[in-house]
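Asks: I am attaching a structure below and will ask some questions about it afterwards.
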Amino acid sequence: MLNIKDLHAGVDGKEILQGVDLCINPGEMHAVMGRNGSGKSTLSNVITGKEGYNISKGDILYKNESIIEWPPEKRALAGIFMSFQYPVSMPGVNNTYFLKAALNAKLKNAGEKELDAAGFLKLVKEKLTELNMDTSYLQRAVNEGFSGGEKKRNEILQMLTLEPEIAIMDETDSGLDIDALKIIANGINKYRNSERSFLVITHYQRLLRYLEPDVVHVLIDGKVVRSGGKELALELEEKGYHWLES
Amino acid sequence: MMPNYLHTEFQKILDREYFSKKVHPIRRKAFDSFIEDGLPDKKCEDWRFTDLSAIKKGNYRISEIDDGPTNKVNISKYGLESFNTIVIYNGHLQQDLSSVPKGIKILSNLEYMEHNNWKVNQPDMSPFDLLNTAFMDSGICLVIERRIEVDAPLRILFICSGDEKIMISPRIHIDLEESSSLTLVEQHVGDCNEYLYNGSVIMNIEDNAQLEHIRIQNNSKTTINMGNLHVTQHQGSNFTFNQFTLGGRLGRTNLYADLIEKGANCSLNGLSLSNDDQHLDAHIITNHHAPHCTSTQNFKSILKGRSSGVFNGRSIVQNKAQKTDSNQSNKNLLLSKDALMNSNPQLEIYAHDVKCSHGSSTGALEPDALFYIRSRGIDQDSARALLVRGFGSEIIEALENNEIRDHITNYFNQWIDKNKQ
């Protein structure tokens, strides 16, 4: 599904990723763990196509196609989604309007019939129920005045609505209390199936207790220094990152 | 400093037989003051950012009978079709196209002067007030009598048309007597080449009366629109002003709101859209003379191309105006590198027990917000459009009348479509 090969990427002349290799197959959940500054956010931004990064070497293949020249919207339409660490708030932009525009862009791209207001509302209400969200969310401006937990839930709502094939969860657990964490983990788990892949980027193993990744990678100074099963996350929790540093 | 053409035109207006000679001294006084001061240049603080050289060089003439419509005017293309409308075409009232809702008493300027024993306040806050008084024509005075609530909105539609360089100086008086209410739409449209609109709307809102004034300026991009608005508010009165400007090469609104008795409230809002070489200026003065009044100024501009804009908002709180609650906000969105906004919110406070705030921000679209939207599969142009619409929608959503809101939303969407790249 997603194949990252010897990826070197940086910003403002500074190389942050120094040769990352990562291969995620359909249905797999991978976790990338690392401390602040290890390159976790750069990795997710580069996969989703944020401007301002320079890829000096290597490639990102999605379904065997190189995507590094693709604009963000093309990647999204192809099925790549990111749940943002800091979802942007947009005063005046209605949440329903935004989500409907995104879904219809996807449907249009797939040559399917776009949804009208009623059709969309029916669909999104089902998703809201799954996430314990009330319909007042839909009337509000995107992330405007949302609490940390509400913003993250709104990200998951978008994921459930847009149905991506691979979802990158960038620090989804940050700023969440335990109840919110469980709801979100539950939402993600329900979405998992043998086709859909995940890349979970996180500081702590806390979220992984609920998500159970297939593979855990440790990112230090822009390189994957170790990969292993979910027990690697527990080991990191116990020992910290220090023992993996060369 | 004085445009020569005005002398000739002034004589012409004095010679018009159908105006009462009783108005001459009023005109003359205003004209002389105007001549003495001339048109302000950029050294004048209130006009620092607005270049009036086009008016100085303009060679405008006053509108003649021949400037009236030659064919039947079709006003349906300007929208708001269900509204009672007073149509003024190149400065000429179109009686056959005009109607007003029940409850409004209409007087001519002359009748209004008589009605008020010739004691009508002639504003002189800006040179364009004086110019309007000197040249006032197409006068309409609306009186809403005590306790009359006019449910249907009234529109005054100013149409400019043709290739002649015409100056028109409409004078509108609106008096709302105690506990009356009115929704007024002032709409400027037209396709003419050159045109100088210098209109004054003078409003008096008596105790507990309410006026909602919506101003839509969508003139052609070669015209000049100077709007002089004066409102005097009495006890417990409410004034809501919503302005939507997107036309004219030069547009300036001089709005003076005087809250002279306690408990008066005014809410002044505006959204300006400019591109190419347009210059749109909002000069908004709220003057609190009495205690327990509230006022808000909330103005936004979206600028593209080499266009420029001004927000000059001042809230004055006189020493008797204790317990004033006043806030000012000006937010501007620049969609091109060459666009320029001059934002100058000011507070002038002489009372000690007041709550006042002001703020201003000017910036481009947030790259992080654009990326966020695009990461959901929405293309760049649509992402920009979404953010621009979001920025302006606050002002439009606040409009209570559905028809007006839809009408303005429509203009806004068309503008966004044309300017999204």
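Following the order of the structure tokens, chains are lettered A, B, ..., residues in each are numbered from 1, and ligands are numbered from 1.
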Write out as a list in words every residue belonging to chain A that has an atom at most 6 Å from any atom of chain B, counting only C-alpha atoms.

Replies: Pro72, Glu73, Ala76, Leu77, Val88, Gly92, Val93 and Ala102 of chain A

Asks: Compile the contact shell of Leu273 in chain B as a list in words: residues with an atom at most 6 Å away, counting only C-alpha atoms, same-chain residues fewer than 6 positions apart removed.

Replies: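 So, after excluding close chain neighbours, the residues are Leu246, Ser301, Ile302 and Leu303 of chain B.
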
Asks: Store the residues of this selection in a file with C-alpha atoms, as a PDB file, in the first residue's frame.

Replies:
ATOM      1  CA  LEU B 246     -17.678  45.923  -4.171  1.00  0.00           C
ATOM      2  CA  SER B 301     -12.107  43.970   3.709  1.00  0.00           C
ATOM      3  CA  ILE B 302     -10.951  41.441   1.152  1.00  0.00           C
ATOM      4  CA  LEU B 303      -8.479  42.879  -1.308  1.00  0.00           C
TER       5      LEU B 303
END

Asks: Taking only C-alpha atoms into account, which of A:Val46, A:Gln85, A:Ser197, A:Glu165 comes nearest Trp70 in chain A?

Replies: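 Of the candidates, the smallest distance to Trp70 in chain A is held by A:Val46.
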
Asks: Could you jot down the CA of Gln210 in chain B to CA of Ser180 in chain B separation for me, Å, one decimal place?

Replies: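 Calculated distance between CA of Gln210 in chain B and CA of Ser180 in chain B is 6.4 Å.
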
Asks: Write down as a PyMOL selection string the residues belonging to range 180-390 of chain B that are assigned helix (DSSP H, G or I) by DSSP computed on the backbone.

Replies: chain B and resi 367-374+380-390

Asks: Output the selection as a short mmCIF file (atom, residue, chain, number, x, y, z; two decimals), in the first residue's frame - all heavy atoms for each residue.

Replies:
data_model
loop_
_atom_site.label_atom_id
_atom_site.label_comp_id
_atom_site.auth_asym_id
_atom_site.auth_seq_id
_atom_site.Cartn_x
_atom_site.Cartn_y
_atom_site.Cartn_z
N PRO B 367 -1.45 29.51 5.23
CA PRO B 367 -0.99 28.31 4.50
C PRO B 367 -1.39 27.01 5.20
O PRO B 367 -1.74 26.04 4.53
CB PRO B 367 0.54 28.46 4.49
CG PRO B 367 0.81 29.89 4.77
CD PRO B 367 -0.34 30.40 5.59
N ASP B 368 -1.38 27.01 6.53
CA ASP B 368 -1.76 25.79 7.24
C ASP B 368 -3.22 25.43 7.02
O ASP B 368 -3.57 24.25 6.91
CB ASP B 368 -1.51 25.96 8.76
CG ASP B 368 -0.04 25.79 9.10
OD1 ASP B 368 0.74 25.40 8.20
OD2 ASP B 368 0.34 26.09 10.25
N ALA B 369 -4.05 26.47 6.95
CA ALA B 369 -5.47 26.21 6.70
C ALA B 369 -5.68 25.69 5.28
O ALA B 369 -6.47 24.77 5.05
CB ALA B 369 -6.29 27.47 6.94
N LEU B 370 -4.94 26.28 4.33
CA LEU B 370 -5.06 25.81 2.94
C LEU B 370 -4.62 24.35 2.82
O LEU B 370 -5.27 23.54 2.15
CB LEU B 370 -4.18 26.67 2.02
CG LEU B 370 -4.76 28.01 1.62
CD1 LEU B 370 -3.72 28.85 0.90
CD2 LEU B 370 -5.98 27.83 0.72
N PHE B 371 -3.54 24.02 3.49
CA PHE B 371 -3.05 22.64 3.44
C PHE B 371 -4.07 21.69 4.07
O PHE B 371 -4.35 20.61 3.55
CB PHE B 371 -1.69 22.52 4.15
CG PHE B 371 -1.21 21.10 4.27
CD1 PHE B 371 -0.99 20.32 3.15
CD2 PHE B 371 -1.00 20.53 5.53
CE1 PHE B 371 -0.56 19.00 3.26
CE2 PHE B 371 -0.57 19.21 5.65
CZ PHE B 371 -0.35 18.44 4.51
N TYR B 372 -4.62 22.12 5.18
CA TYR B 372 -5.62 21.29 5.88
C TYR B 372 -6.78 20.96 4.95
O TYR B 372 -7.20 19.81 4.83
CB TYR B 372 -6.11 22.05 7.12
CG TYR B 372 -7.05 21.27 8.00
CD1 TYR B 372 -6.58 20.24 8.81
CD2 TYR B 372 -8.41 21.58 8.04
CE1 TYR B 372 -7.45 19.54 9.63
CE2 TYR B 372 -9.27 20.88 8.87
CZ TYR B 372 -8.79 19.86 9.67
OH TYR B 372 -9.65 19.17 10.48
N ILE B 373 -7.27 21.97 4.25
CA ILE B 373 -8.42 21.75 3.36
C ILE B 373 -8.02 20.86 2.17
O ILE B 373 -8.72 19.92 1.81
CB ILE B 373 -8.97 23.10 2.84
CG1 ILE B 373 -9.44 23.96 4.02
CG2 ILE B 373 -10.13 22.88 1.87
CD1 ILE B 373 -9.76 25.38 3.63
N ARG B 374 -6.84 21.16 1.61
CA ARG B 374 -6.40 20.37 0.45
C ARG B 374 -6.14 18.91 0.85
O ARG B 374 -6.37 18.00 0.06
CB ARG B 374 -5.14 21.00 -0.15
CG ARG B 374 -5.43 22.35 -0.77
CD ARG B 374 -4.15 23.01 -1.23
NE ARG B 374 -3.63 22.37 -2.42
CZ ARG B 374 -2.40 22.61 -2.91
NH1 ARG B 374 -1.59 23.45 -2.29
NH2 ARG B 374 -1.99 22.01 -4.01
N GLN B 380 -6.87 23.47 -4.75
CA GLN B 380 -6.35 24.72 -4.19
C GLN B 380 -7.29 25.91 -4.37
O GLN B 380 -7.53 26.66 -3.42
CB GLN B 380 -5.00 25.04 -4.83
CG GLN B 380 -4.42 26.33 -4.31
CD GLN B 380 -2.92 26.38 -4.45
OE1 GLN B 380 -2.20 26.25 -3.48
NE2 GLN B 380 -2.47 26.56 -5.67
N ASP B 381 -7.84 26.08 -5.57
CA ASP B 381 -8.73 27.21 -5.80
C ASP B 381 -9.98 27.13 -4.92
O ASP B 381 -10.42 28.12 -4.35
CB ASP B 381 -9.17 27.27 -7.28
CG ASP B 381 -8.03 27.76 -8.17
OD1 ASP B 381 -6.98 28.18 -7.62
OD2 ASP B 381 -8.18 27.70 -9.40
N SER B 382 -10.51 25.92 -4.81
CA SER B 382 -11.71 25.76 -3.98
C SER B 382 -11.38 25.96 -2.51
O SER B 382 -12.20 26.48 -1.75
CB SER B 382 -12.32 24.37 -4.16
OG SER B 382 -12.57 24.14 -5.52
N ALA B 383 -10.17 25.56 -2.13
CA ALA B 383 -9.74 25.75 -0.74
C ALA B 383 -9.65 27.24 -0.42
O ALA B 383 -10.11 27.69 0.63
CB ALA B 383 -8.40 25.07 -0.50
N ARG B 384 -9.08 27.98 -1.36
CA ARG B 384 -8.98 29.43 -1.16
C ARG B 384 -10.39 30.04 -1.06
O ARG B 384 -10.66 30.86 -0.19
CB ARG B 384 -8.23 30.08 -2.33
CG ARG B 384 -6.74 29.79 -2.34
CD ARG B 384 -6.11 30.28 -3.64
NE ARG B 384 -6.14 31.73 -3.74
CZ ARG B 384 -5.15 32.52 -3.34
NH1 ARG B 384 -4.06 31.99 -2.84
NH2 ARG B 384 -5.24 33.81 -3.46
N ALA B 385 -11.24 29.60 -1.99
CA ALA B 385 -12.61 30.12 -2.00
C ALA B 385 -13.33 29.84 -0.68
O ALA B 385 -14.03 30.69 -0.14
CB ALA B 385 -13.38 29.53 -3.17
N LEU B 386 -13.10 28.67 -0.16
CA LEU B 386 -13.74 28.26 1.10
C LEU B 386 -13.32 29.19 2.23
O LEU B 386 -14.14 29.64 3.04
CB LEU B 386 -13.31 26.83 1.41
CG LEU B 386 -14.14 25.99 2.36
CD1 LEU B 386 -15.52 25.75 1.80
CD2 LEU B 386 -13.46 24.65 2.61
N LEU B 387 -12.03 29.50 2.27
CA LEU B 387 -11.53 30.36 3.35
C LEU B 387 -11.99 31.81 3.17
O LEU B 387 -12.32 32.48 4.14
CB LEU B 387 -10.00 30.31 3.40
CG LEU B 387 -9.40 29.01 3.94
CD1 LEU B 387 -7.88 29.05 3.84
CD2 LEU B 387 -9.82 28.77 5.39
N VAL B 388 -12.01 32.26 1.91
CA VAL B 388 -12.46 33.64 1.66
C VAL B 388 -13.93 33.78 2.05
O VAL B 388 -14.34 34.74 2.71
CB VAL B 388 -12.23 34.02 0.17
CG1 VAL B 388 -12.87 35.36 -0.14
CG2 VAL B 388 -10.74 34.05 -0.15
N ARG B 389 -14.70 32.78 1.67
CA ARG B 389 -16.13 32.80 2.00
C ARG B 389 -16.32 32.78 3.51
O ARG B 389 -17.13 33.53 4.06
CB ARG B 389 -16.83 31.60 1.34
CG ARG B 389 -18.33 31.66 1.41
CD ARG B 389 -18.97 30.54 0.59
NE ARG B 389 -18.79 30.73 -0.83
CZ ARG B 389 -18.14 29.90 -1.63
NH1 ARG B 389 -17.61 28.78 -1.14
NH2 ARG B 389 -18.03 30.15 -2.91
N GLY B 390 -15.53 31.97 4.17
CA GLY B 390 -15.60 31.89 5.63
C GLY B 390 -15.28 33.22 6.28
O GLY B 390 -15.94 33.64 7.23
#

Asks: So that I can check the secondary structure, give me every residue of range 12-124 of chain B assigned strand (DSSP E or B) by backbone DSSP, as a VMD selection string.

Replies: chain B and resid 61 to 62 84 to 89 92 to 93 104 to 107

Asks: My list of candidates is B:Tyr411, B:Pro127, B:Tyr112, B:Lys72. Which is closest to Gly38 in chain B when distances are computed with only C-alpha atoms?

Replies: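 Distance minimum relative to Gly38 in chain B lands on B:Pro127.
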
Asks: With a distance cut-off of 10 Å and only C-alpha atoms, select the neighbouring residues of Ser83 in chain A, excluding the residue or stretch itself and same-chain residues fewer than 4 positions from it, and output the selection as a list in words.

Replies: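 Counting only the stated atoms, we get Ser44, Pro87, Lys151, Lys152, Arg153, Asn154, Glu155, Ile156, Leu157, Gln158, Met159, Ala167, Ile168, Met169, Asp170, Glu171, Thr172 and Val200 of chain A; Tyr372 and Ser375 of chain B.
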
Asks: Quick one: residues within 9 Å of Ile183 in chain A, only C-alpha atoms, excluding same-chain residues fewer than 5 positions away - as a PyMOL selection string?

Replies: chain A and resi 130-132+153+178+188

Asks: Report, in Å with one decimal, the straight-line distance from CA of Val215 in chain A to CA of Gly27 in chain A.

Replies: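 Result for CA of Val215 in chain A versus CA of Gly27 in chain A: 11.7 Å, one decimal.
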
Asks: I want to know what sits within 7 Å of range 62-70 of chain B, based on only C-alpha atoms, with residues of the same chain fewer than 3 positions away left out; could you give that as a VMD selection string?

Replies: chain B and resid 9 73 89 to 92 166 to 168
